[in-house]
$ cat target-v2.cif   # mmCIF, C-alpha atoms
data_target
#
loop_
_atom_site.label_atom_id
_atom_site.label_comp_id
_atom_site.auth_asym_id
_atom_site.auth_seq_id
_atom_site.Cartn_x
_atom_site.Cartn_y
_atom_site.Cartn_z
CA MET A 1469 0.00 0.00 0.00
CA LEU A 1470 2.84 2.37 0.86
CA SER A 1471 4.54 1.55 -2.45
CA GLY A 1472 1.39 2.33 -4.39
CA LEU A 1473 0.92 5.60 -2.48
CA ALA A 1474 4.53 6.66 -3.18
CA VAL A 1475 4.13 5.93 -6.90
CA ALA A 1476 0.81 7.84 -7.03
CA VAL A 1477 2.25 10.92 -5.28
CA GLY A 1478 5.36 10.68 -7.45
CA CYS A 1479 3.28 10.66 -10.63
CA VAL A 1480 1.37 13.75 -9.48
CA LEU A 1481 4.60 15.64 -8.72
CA PHE A 1482 6.44 14.43 -11.83
CA LEU A 1483 3.66 15.07 -14.35
CA GLY A 1484 2.45 18.17 -12.52
CA GLY A 1485 5.95 19.65 -12.64
CA PHE A 1486 6.18 19.10 -16.39
CA VAL A 1487 2.72 20.59 -16.98
CA TRP A 1488 3.52 23.55 -14.71
CA GLY A 1489 6.77 24.14 -16.57
CA ALA A 1490 5.14 23.83 -20.00
CA VAL A 1491 2.53 26.43 -19.07
CA LEU A 1492 4.98 28.98 -17.66
CA TYR A 1493 8.13 28.38 -19.72
CA LYS A 1494 9.05 28.24 -23.36
CA PRO A 1495 12.38 27.04 -24.81
CA TYR A 1496 14.35 29.20 -27.25
CA THR A 1497 17.56 28.63 -29.17
CA VAL A 1498 19.86 31.66 -29.28
CA PRO A 1499 21.20 31.93 -32.87
CA THR A 1500 24.12 34.34 -32.26
CA ASP A 1501 26.78 35.04 -29.65
CA SER A 1502 25.51 38.58 -28.98
CA MET A 1503 24.68 37.57 -25.38
CA ALA A 1504 28.02 35.84 -24.69
CA PRO A 1505 29.41 35.01 -22.22
CA THR A 1506 26.04 34.84 -20.42
CA ILE A 1507 24.43 32.83 -23.23
CA GLY A 1508 26.44 31.27 -26.04
CA LYS A 1509 25.57 30.79 -29.69
CA GLY A 1510 23.27 27.78 -30.11
CA ASP A 1511 22.44 27.56 -26.39
CA ARG A 1512 18.93 26.47 -25.48
CA VAL A 1513 17.32 28.70 -22.87
CA LEU A 1514 14.19 28.47 -20.73
CA ALA A 1515 12.19 31.69 -20.74
CA GLN A 1516 9.22 32.43 -18.52
CA ARG A 1517 6.18 33.77 -20.33
CA ILE A 1518 5.50 37.22 -18.89
CA ASP A 1519 3.74 40.45 -19.69
CA GLY A 1520 5.92 43.35 -20.80
CA GLY A 1521 4.78 45.31 -17.75
CA GLU A 1522 6.66 42.86 -15.49
CA VAL A 1523 10.06 43.60 -17.06
CA ARG A 1524 12.72 45.24 -14.89
CA ARG A 1525 16.20 46.58 -15.60
CA GLY A 1526 18.78 43.81 -15.84
CA ASP A 1527 16.34 41.22 -17.17
CA VAL A 1528 17.34 39.16 -20.20
CA VAL A 1529 14.25 39.10 -22.40
CA VAL A 1530 12.99 37.48 -25.58
CA PHE A 1531 11.20 39.98 -27.81
CA ARG A 1532 10.05 40.55 -31.38
CA ASP A 1533 10.04 43.94 -33.08
CA ASN A 1534 9.23 44.82 -36.69
CA VAL A 1535 11.98 47.45 -36.90
CA TRP A 1536 14.57 44.91 -35.68
CA GLY A 1537 13.57 42.29 -38.24
CA ASP A 1538 10.44 40.73 -36.71
CA LEU A 1539 12.39 37.71 -35.41
CA PRO A 1540 12.71 36.46 -31.81
CA MET A 1541 15.75 38.15 -30.26
CA VAL A 1542 17.42 37.92 -26.84
CA LYS A 1543 18.89 41.04 -25.19
CA ARG A 1544 19.34 42.57 -21.74
CA VAL A 1545 17.18 45.44 -20.49
CA ILE A 1546 19.41 48.39 -19.57
CA GLY A 1547 16.87 51.20 -19.33
CA VAL A 1548 13.10 51.63 -19.01
CA GLY A 1549 10.79 54.52 -19.85
CA GLY A 1550 12.13 57.85 -18.57
CA ASP A 1551 15.70 56.61 -17.99
CA ARG A 1552 18.70 58.54 -19.24
CA VAL A 1553 21.23 56.05 -20.62
CA GLU A 1554 24.73 57.31 -21.40
CA CYS A 1555 28.05 55.84 -22.44
CA CYS A 1556 30.71 55.97 -21.53
CA ASP A 1557 32.62 57.33 -18.51
CA LYS A 1558 36.44 57.40 -18.34
CA GLN A 1559 36.50 53.72 -17.31
CA GLY A 1560 34.27 52.75 -20.25
CA ARG A 1561 31.16 52.13 -18.13
CA LEU A 1562 27.48 52.85 -18.71
CA ARG A 1563 25.49 55.36 -16.69
CA VAL A 1564 21.75 55.12 -16.07
CA ASN A 1565 20.18 58.26 -14.57
CA GLY A 1566 23.70 59.33 -13.61
CA LYS A 1567 24.48 56.08 -11.77
CA VAL A 1568 27.51 54.16 -13.02
CA LEU A 1569 26.69 50.52 -13.74
CA ASP A 1570 29.00 47.70 -12.74
CA GLU A 1571 28.29 45.01 -15.35
CA PRO A 1572 29.93 41.72 -14.26
CA TYR A 1573 28.30 39.83 -17.14
CA LEU A 1574 30.49 41.56 -19.76
CA ARG A 1575 33.59 39.89 -21.17
CA LYS A 1576 36.66 40.64 -19.09
CA GLY A 1577 38.30 43.85 -20.28
CA GLU A 1578 35.43 44.76 -22.61
CA GLN A 1579 34.02 48.29 -22.49
CA ALA A 1580 30.31 48.86 -22.09
CA SER A 1581 30.18 50.21 -25.63
CA SER A 1582 32.50 51.23 -28.41
CA THR A 1583 29.82 53.70 -29.50
CA VAL A 1584 29.44 56.93 -27.54
CA PHE A 1585 25.79 57.79 -27.02
CA SER A 1586 23.30 59.53 -24.74
CA THR A 1587 19.56 58.93 -24.96
CA THR A 1588 16.36 59.17 -22.95
CA VAL A 1589 14.12 56.11 -23.15
CA PRO A 1590 10.53 56.99 -24.20
CA LYS A 1591 7.63 56.06 -21.95
CA ASP A 1592 6.60 52.35 -21.98
CA ARG A 1593 9.71 51.37 -23.92
CA LEU A 1594 12.91 49.46 -23.16
CA PHE A 1595 16.54 50.15 -24.06
CA LEU A 1596 18.19 46.79 -24.87
CA LEU A 1597 21.82 45.76 -25.23
CA GLY A 1598 23.58 42.44 -25.81
CA ASP A 1599 26.18 41.33 -23.27
CA HIS A 1600 28.78 40.88 -26.04
CA ARG A 1601 28.88 44.61 -26.75
CA SER A 1602 31.44 44.42 -29.54
CA ASP A 1603 29.32 41.90 -31.49
CA SER A 1604 25.71 42.85 -30.80
CA LEU A 1605 23.20 44.64 -33.00
CA ASP A 1606 20.99 46.26 -30.38
CA SER A 1607 19.43 49.59 -29.38
CA ARG A 1608 22.66 51.40 -30.25
CA VAL A 1609 22.16 50.54 -33.93
CA HIS A 1610 18.69 52.09 -33.89
CA LEU A 1611 19.48 55.31 -32.01
CA THR A 1612 18.45 57.41 -35.00
CA ASP A 1613 15.03 55.72 -35.20
CA GLU A 1614 11.95 57.58 -34.03
CA ALA A 1615 11.99 55.78 -30.65
CA GLY A 1616 15.75 56.20 -30.19
CA GLY A 1617 16.42 52.49 -30.40
CA ALA A 1618 13.93 51.58 -27.65
CA VAL A 1619 11.47 48.71 -28.00
CA GLU A 1620 7.87 48.68 -26.78
CA ARG A 1621 7.24 46.74 -23.57
CA GLY A 1622 4.52 44.85 -25.41
CA ALA A 1623 7.14 43.39 -27.77
CA VAL A 1624 8.51 41.23 -24.92
CA ASP A 1625 7.33 37.61 -24.98
CA ALA A 1626 9.35 36.08 -22.15
CA ARG A 1627 12.15 36.54 -19.61
CA VAL A 1628 15.12 34.13 -19.65
CA ASP A 1629 15.57 32.28 -16.35
CA ALA A 1630 18.15 29.63 -17.26
CA THR A 1631 20.25 28.01 -19.94
CA ALA A 1632 19.25 24.36 -20.41
CA TRP A 1633 21.46 23.04 -23.21
CA PRO A 1634 24.20 22.03 -23.78
CA LEU A 1635 24.58 20.38 -20.38
CA GLY A 1636 27.90 22.10 -19.71
CA SER A 1637 26.25 25.52 -19.97
CA TRP A 1638 23.38 24.72 -17.59
CA GLY A 1639 22.76 27.49 -15.08
CA THR A 1640 20.39 30.22 -14.00
CA VAL A 1641 20.49 33.74 -15.41
CA GLY A 1642 20.73 36.02 -12.38
CA ARG A 1643 19.54 39.55 -11.76
CA PRO A 1644 22.54 41.94 -11.57
CA ASP A 1645 22.94 43.81 -8.28
CA ALA A 1646 23.92 46.96 -10.18
CA PHE A 1647 20.24 47.66 -10.96
CA LYS A 1648 18.92 47.16 -7.42
CA ALA A 1649 19.40 50.78 -6.37
CA LEU A 1650 17.44 52.16 -9.33
CA PRO A 1651 13.68 52.81 -9.01
CA GLY A 1652 11.68 49.60 -9.37
CA GLY A 1653 14.62 47.41 -8.39
CA ILE A 1654 15.08 44.04 -10.06
CA SER A 1655 12.64 41.25 -10.85
CA GLU A 1656 12.14 38.17 -8.69
CA PRO A 1657 13.35 34.79 -10.01
CA GLY A 1658 10.70 32.66 -11.67
CA PRO A 1659 9.42 29.33 -10.26
CA LEU A 1660 11.89 27.22 -12.22
CA GLY A 1661 13.55 25.95 -9.03
CA PRO A 1662 10.35 24.59 -7.42
CA ILE A 1663 9.35 23.05 -10.74
CA LEU A 1664 12.63 21.15 -11.02
CA ILE A 1665 12.37 20.03 -7.38
CA ALA A 1666 8.85 18.69 -7.97
CA ILE A 1667 9.99 16.73 -11.03
CA ILE A 1668 13.05 15.26 -9.28
CA VAL A 1669 11.15 14.32 -6.10
CA GLY A 1670 8.40 12.80 -8.21
CA ALA A 1671 10.89 10.68 -10.15
CA VAL A 1672 12.52 9.47 -6.91
CA LEU A 1673 9.14 8.51 -5.42
CA ILE A 1674 8.09 6.66 -8.57
CA LEU A 1675 11.33 4.67 -8.78
CA GLY A 1676 11.50 4.06 -5.04
CA GLY A 1677 7.87 3.03 -4.77
CA ALA A 1678 8.09 0.76 -7.79
CA ALA A 1679 11.20 -0.96 -6.39
CA HIS A 1680 9.97 -1.20 -2.79
CA GLY A 1681 7.08 -3.60 -3.46
CA PRO A 1682 9.13 -6.34 -5.22
CA TYR A 1683 11.91 -5.91 -2.63
CA VAL A 1684 9.54 -6.47 0.29
CA ARG A 1685 7.89 -9.46 -1.43
CA ARG A 1686 11.29 -10.98 -2.18
CA ARG A 1687 12.37 -10.58 1.43
CA ALA A 1688 9.09 -12.03 2.66
CA GLY A 1689 9.47 -14.97 0.28
CA GLY A 1690 13.02 -15.56 1.48
CA ALA A 1691 11.89 -15.48 5.08
CA ARG A 1692 9.14 -18.05 4.40
CA GLN A 1693 11.58 -20.35 2.62
CA GLY A 1694 13.92 -20.09 5.61
CA GLN A 1695 11.13 -20.95 8.01
CA THR A 1696 10.11 -23.94 5.87
CA ALA A 1697 13.69 -25.21 5.76
CA GLU A 1698 14.01 -24.85 9.55
CA GLY A 1699 10.76 -26.77 9.98
CA LYS A 1700 12.01 -29.63 7.79
CA VAL A 1701 15.25 -29.83 9.71
CA ALA A 1702 13.38 -29.88 13.03
CA ALA A 1703 11.00 -32.59 11.78
CA SER A 1704 13.82 -34.80 10.48
CA GLY A 1705 15.77 -34.32 13.69
#

$ encode --input "target-v2.cif" --output "structure tokens"
Amino acid sequence: MLSGLAVAVGCVLFLGGFVWGAVLYKPYTVPTDSMAPTIGKGDRVLAQRIDGGEVRRGDVVVFRDNVWGDLPMVKRVIGVGGDRVECCDKQGRLRVNGKVLDEPYLRKGEQASSTVFSTTVPKDRLFLLGDHRSDSLDSRVHLTDEAGGAVERGAVDARVDATAWPLGSWGTVGRPDAFKALPGGISEPGPLGPILIAIIVGAVLILGGAAHGPYVRRRAGGARQGQTAEGKVAASG
């Protein structure tokens, strides 16, 4: 009975975790290295489906914009509506609303931008840059557009929470501390962790419950055979 209960609970957790993940997350393959070293070319990422209004500075988002080619793209949010984004200071760093950004996700020794610019992000729009600044076509390329290179919040489809493939690149995509002090702070991590825990615990319960029943029956059978043999010996003695 305990074995059956463990298997039943395990199935609920295992299948429920997959369903939960399928509803909230969508996989994407990143076609370029514009987000390296955070996300490499060809990496498979898991992105939580969100509304554009939930986006915060520092988030890595998947979006689609007609001006940018109407294809799914992955970039990092640097500024939101009303922000003044400037580059660069004497150390080659970005400033948002006058605050210098420490960007640990950039390649070692790489400046925040080889292009000098200063722009104010229009209301309800996002200023987006790739982490590989020397090889990323991002908001800097569209600075002369009507919106100054900013993308509508509504263009965002999802927020990247983790890289899933290849296995060696597995890991979560964190929220940089540099954006915490700015108004609105940073976003909270998605429920990917609890989903993975539910799936793993479910798998353990299913395997353990399925193995426990035969193990107990085998031990019980062995015990009965031992008792029978002892009885025969006693009778013959």

$ residues_around --input "target-v2.cif" --residues "Gln1559 of chain A" --least-positions-apart "4" --cutoff "10 Å" --atoms "only C-alpha atoms" --output "list in words"
Val1568, Gln1579 and Ala1580 of chain A

$ resolve_selection --input "target-v2.cif" --expression "the PyMOL selection byres ((chain A and resi 1585) around 8)" --output "MDAnalysis selection string"
chainID A and resid 1554:1556 1583:1584 1586:1587 1608

$ residues_around --input "target-v2.cif" --residues "segment 1672-1674 of chain A" --least-positions-apart "3" --cutoff "8 Å" --atoms "all atoms listed in the file" --output "PyMOL selection string"
chain A and resi 1474-1479+1668-1669+1677-1678

$ atom_distance --input "target-v2.cif" --atom1 "atom CA of Arg1517 of chain A" --atom2 "atom CA of Pro1657 of chain A"
12.6 Å

$ residues_near_point --input "target-v2.cif" --point "(18.9, 33.4, -25.9)" --cutoff "9 Å" --atoms "only C-alpha atoms" --output "ChimeraX atom specification"
/A:1496-1503,1507-1515,1528-1530,1541-1543,1628,1631

$ closest_residue --input "target-v2.cif" --among "A:Ala1646, A:Leu1635, A:Ala1630, A:Val1589" --to "Tyr1493 of chain A" --atoms "all atoms listed in the file"
A:Ala1630

$ atom_distance --input "target-v2.cif" --atom1 "atom CA of Met1469 of chain A" --atom2 "atom CA of Ile1663 of chain A"
27.1 Å

$ residues_around --input "target-v2.cif" --residues "segment 1485-1489 of chain A" --least-positions-apart "5" --cutoff "8 Å" --atoms "all atoms listed in the file" --output "PDB file with C-alpha atoms, keeping the file's coordinate frame"
ATOM      1  CA  LEU A1660      11.890  27.220 -12.220  1.00  0.00           C
ATOM      2  CA  ILE A1663       9.350  23.050 -10.740  1.00  0.00           C
ATOM      3  CA  LEU A1664      12.630  21.150 -11.020  1.00  0.00           C
ATOM      4  CA  ALA A1666       8.850  18.690  -7.970  1.00  0.00           C
ATOM      5  CA  ILE A1667       9.990  16.730 -11.030  1.00  0.00           C
TER       6      ILE A1667
END

$ atom_distance --input "target-v2.cif" --atom1 "atom CA of Phe1647 of chain A" --atom2 "atom CA of Ala1615 of chain A"
22.8 Å

$ closest_residue --input "target-v2.cif" --among "A:Ile1518, A:Leu1492, A:Leu1605, A:Val1619" --to "Asn1534 of chain A" --atoms "all atoms listed in the file"
A:Val1619

$ axis_aligned_box --input "target-v2.cif" --around "segment 1628-1645 of chain A" --padding-each-side "8 Å" --output "lines of an AutoDock Vina configuration file"
center_x = 21.5
center_y = 32.1
center_z = -16.0
size_x = 28.8
size_y = 39.4
size_z = 31.5

$ residues_around --input "target-v2.cif" --residues "Gly1577 of chain A" --least-positions-apart "4" --cutoff "12 Å" --atoms "only C-alpha atoms" --output "number ranges by chain"
A: 1559-1561, 1571-1573, 1581, 1600-1602

$ closest_residue --input "target-v2.cif" --among "A:Asp1557, A:Asp1645, A:Asp1599, A:Asp1592" --to "Glu1522 of chain A" --atoms "only C-alpha atoms"
A:Asp1592

$ closest_residue --input "target-v2.cif" --among "A:Gly1484, A:Pro1634, A:Gly1526, A:Gly1520" --to "Glu1656 of chain A" --atoms "only C-alpha atoms"
A:Gly1526

$ decode --input "target-v2.cif" --residues "segment 1487-1501 of chain A" --atoms "N, CA, C and O atoms" --output "PDB file, in the first residue's frame"
ATOM      1  N   VAL A1487       3.836  19.771 -16.491  1.00  0.00           N
ATOM      2  CA  VAL A1487       2.723  20.590 -16.977  1.00  0.00           C
ATOM      3  C   VAL A1487       2.896  22.038 -16.530  1.00  0.00           C
ATOM      4  O   VAL A1487       2.712  22.980 -17.312  1.00  0.00           O
ATOM      5  N   TRP A1488       3.280  22.220 -15.269  1.00  0.00           N
ATOM      6  CA  TRP A1488       3.520  23.555 -14.715  1.00  0.00           C
ATOM      7  C   TRP A1488       4.604  24.265 -15.523  1.00  0.00           C
ATOM      8  O   TRP A1488       4.459  25.419 -15.915  1.00  0.00           O
ATOM      9  N   GLY A1489       5.680  23.548 -15.800  1.00  0.00           N
ATOM     10  CA  GLY A1489       6.771  24.138 -16.568  1.00  0.00           C
ATOM     11  C   GLY A1489       6.357  24.475 -17.994  1.00  0.00           C
ATOM     12  O   GLY A1489       6.738  25.525 -18.538  1.00  0.00           O
ATOM     13  N   ALA A1490       5.566  23.594 -18.618  1.00  0.00           N
ATOM     14  CA  ALA A1490       5.140  23.831 -19.996  1.00  0.00           C
ATOM     15  C   ALA A1490       4.218  25.036 -20.106  1.00  0.00           C
ATOM     16  O   ALA A1490       4.225  25.745 -21.126  1.00  0.00           O
ATOM     17  N   VAL A1491       3.436  25.279 -19.058  1.00  0.00           N
ATOM     18  CA  VAL A1491       2.530  26.429 -19.071  1.00  0.00           C
ATOM     19  C   VAL A1491       3.294  27.740 -18.892  1.00  0.00           C
ATOM     20  O   VAL A1491       3.012  28.733 -19.563  1.00  0.00           O
ATOM     21  N   LEU A1492       4.285  27.739 -17.990  1.00  0.00           N
ATOM     22  CA  LEU A1492       4.985  28.977 -17.658  1.00  0.00           C
ATOM     23  C   LEU A1492       6.212  29.257 -18.512  1.00  0.00           C
ATOM     24  O   LEU A1492       6.592  30.413 -18.696  1.00  0.00           O
ATOM     25  N   TYR A1493       6.852  28.213 -19.034  1.00  0.00           N
ATOM     26  CA  TYR A1493       8.130  28.383 -19.717  1.00  0.00           C
ATOM     27  C   TYR A1493       8.073  27.938 -21.176  1.00  0.00           C
ATOM     28  O   TYR A1493       7.305  27.049 -21.538  1.00  0.00           O
ATOM     29  N   LYS A1494       8.926  28.580 -21.946  1.00  0.00           N
ATOM     30  CA  LYS A1494       9.055  28.242 -23.360  1.00  0.00           C
ATOM     31  C   LYS A1494      10.533  28.173 -23.718  1.00  0.00           C
ATOM     32  O   LYS A1494      11.310  29.051 -23.315  1.00  0.00           O
ATOM     33  N   PRO A1495      10.968  27.134 -24.434  1.00  0.00           N
ATOM     34  CA  PRO A1495      12.384  27.044 -24.812  1.00  0.00           C
ATOM     35  C   PRO A1495      12.692  27.876 -26.063  1.00  0.00           C
ATOM     36  O   PRO A1495      11.866  27.993 -26.962  1.00  0.00           O
ATOM     37  N   TYR A1496      13.874  28.455 -26.084  1.00  0.00           N
ATOM     38  CA  TYR A1496      14.349  29.202 -27.250  1.00  0.00           C
ATOM     39  C   TYR A1496      15.789  28.809 -27.528  1.00  0.00           C
ATOM     40  O   TYR A1496      16.554  28.513 -26.594  1.00  0.00           O
ATOM     41  N   THR A1497      16.170  28.836 -28.785  1.00  0.00           N
ATOM     42  CA  THR A1497      17.556  28.632 -29.172  1.00  0.00           C
ATOM     43  C   THR A1497      18.136  29.976 -29.601  1.00  0.00           C
ATOM     44  O   THR A1497      17.578  30.656 -30.462  1.00  0.00           O
ATOM     45  N   VAL A1498      19.239  30.368 -28.982  1.00  0.00           N
ATOM     46  CA  VAL A1498      19.864  31.665 -29.283  1.00  0.00           C
ATOM     47  C   VAL A1498      20.762  31.492 -30.512  1.00  0.00           C
ATOM     48  O   VAL A1498      21.725  30.721 -30.476  1.00  0.00           O
ATOM     49  N   PRO A1499      20.479  32.175 -31.615  1.00  0.00           N
ATOM     50  CA  PRO A1499      21.196  31.932 -32.872  1.00  0.00           C
ATOM     51  C   PRO A1499      22.554  32.610 -33.003  1.00  0.00           C
ATOM     52  O   PRO A1499      23.327  32.277 -33.894  1.00  0.00           O
ATOM     53  N   THR A1500      22.859  33.597 -32.141  1.00  0.00           N
ATOM     54  CA  THR A1500      24.125  34.336 -32.261  1.00  0.00           C
ATOM     55  C   THR A1500      24.835  34.364 -30.912  1.00  0.00           C
ATOM     56  O   THR A1500      24.291  33.920 -29.898  1.00  0.00           O
ATOM     57  N   ASP A1501      26.042  34.917 -30.907  1.00  0.00           N
ATOM     58  CA  ASP A1501      26.779  35.043 -29.648  1.00  0.00           C
ATOM     59  C   ASP A1501      26.699  36.461 -29.085  1.00  0.00           C
ATOM     60  O   ASP A1501      27.550  36.893 -28.324  1.00  0.00           O
TER      61      ASP A1501
END
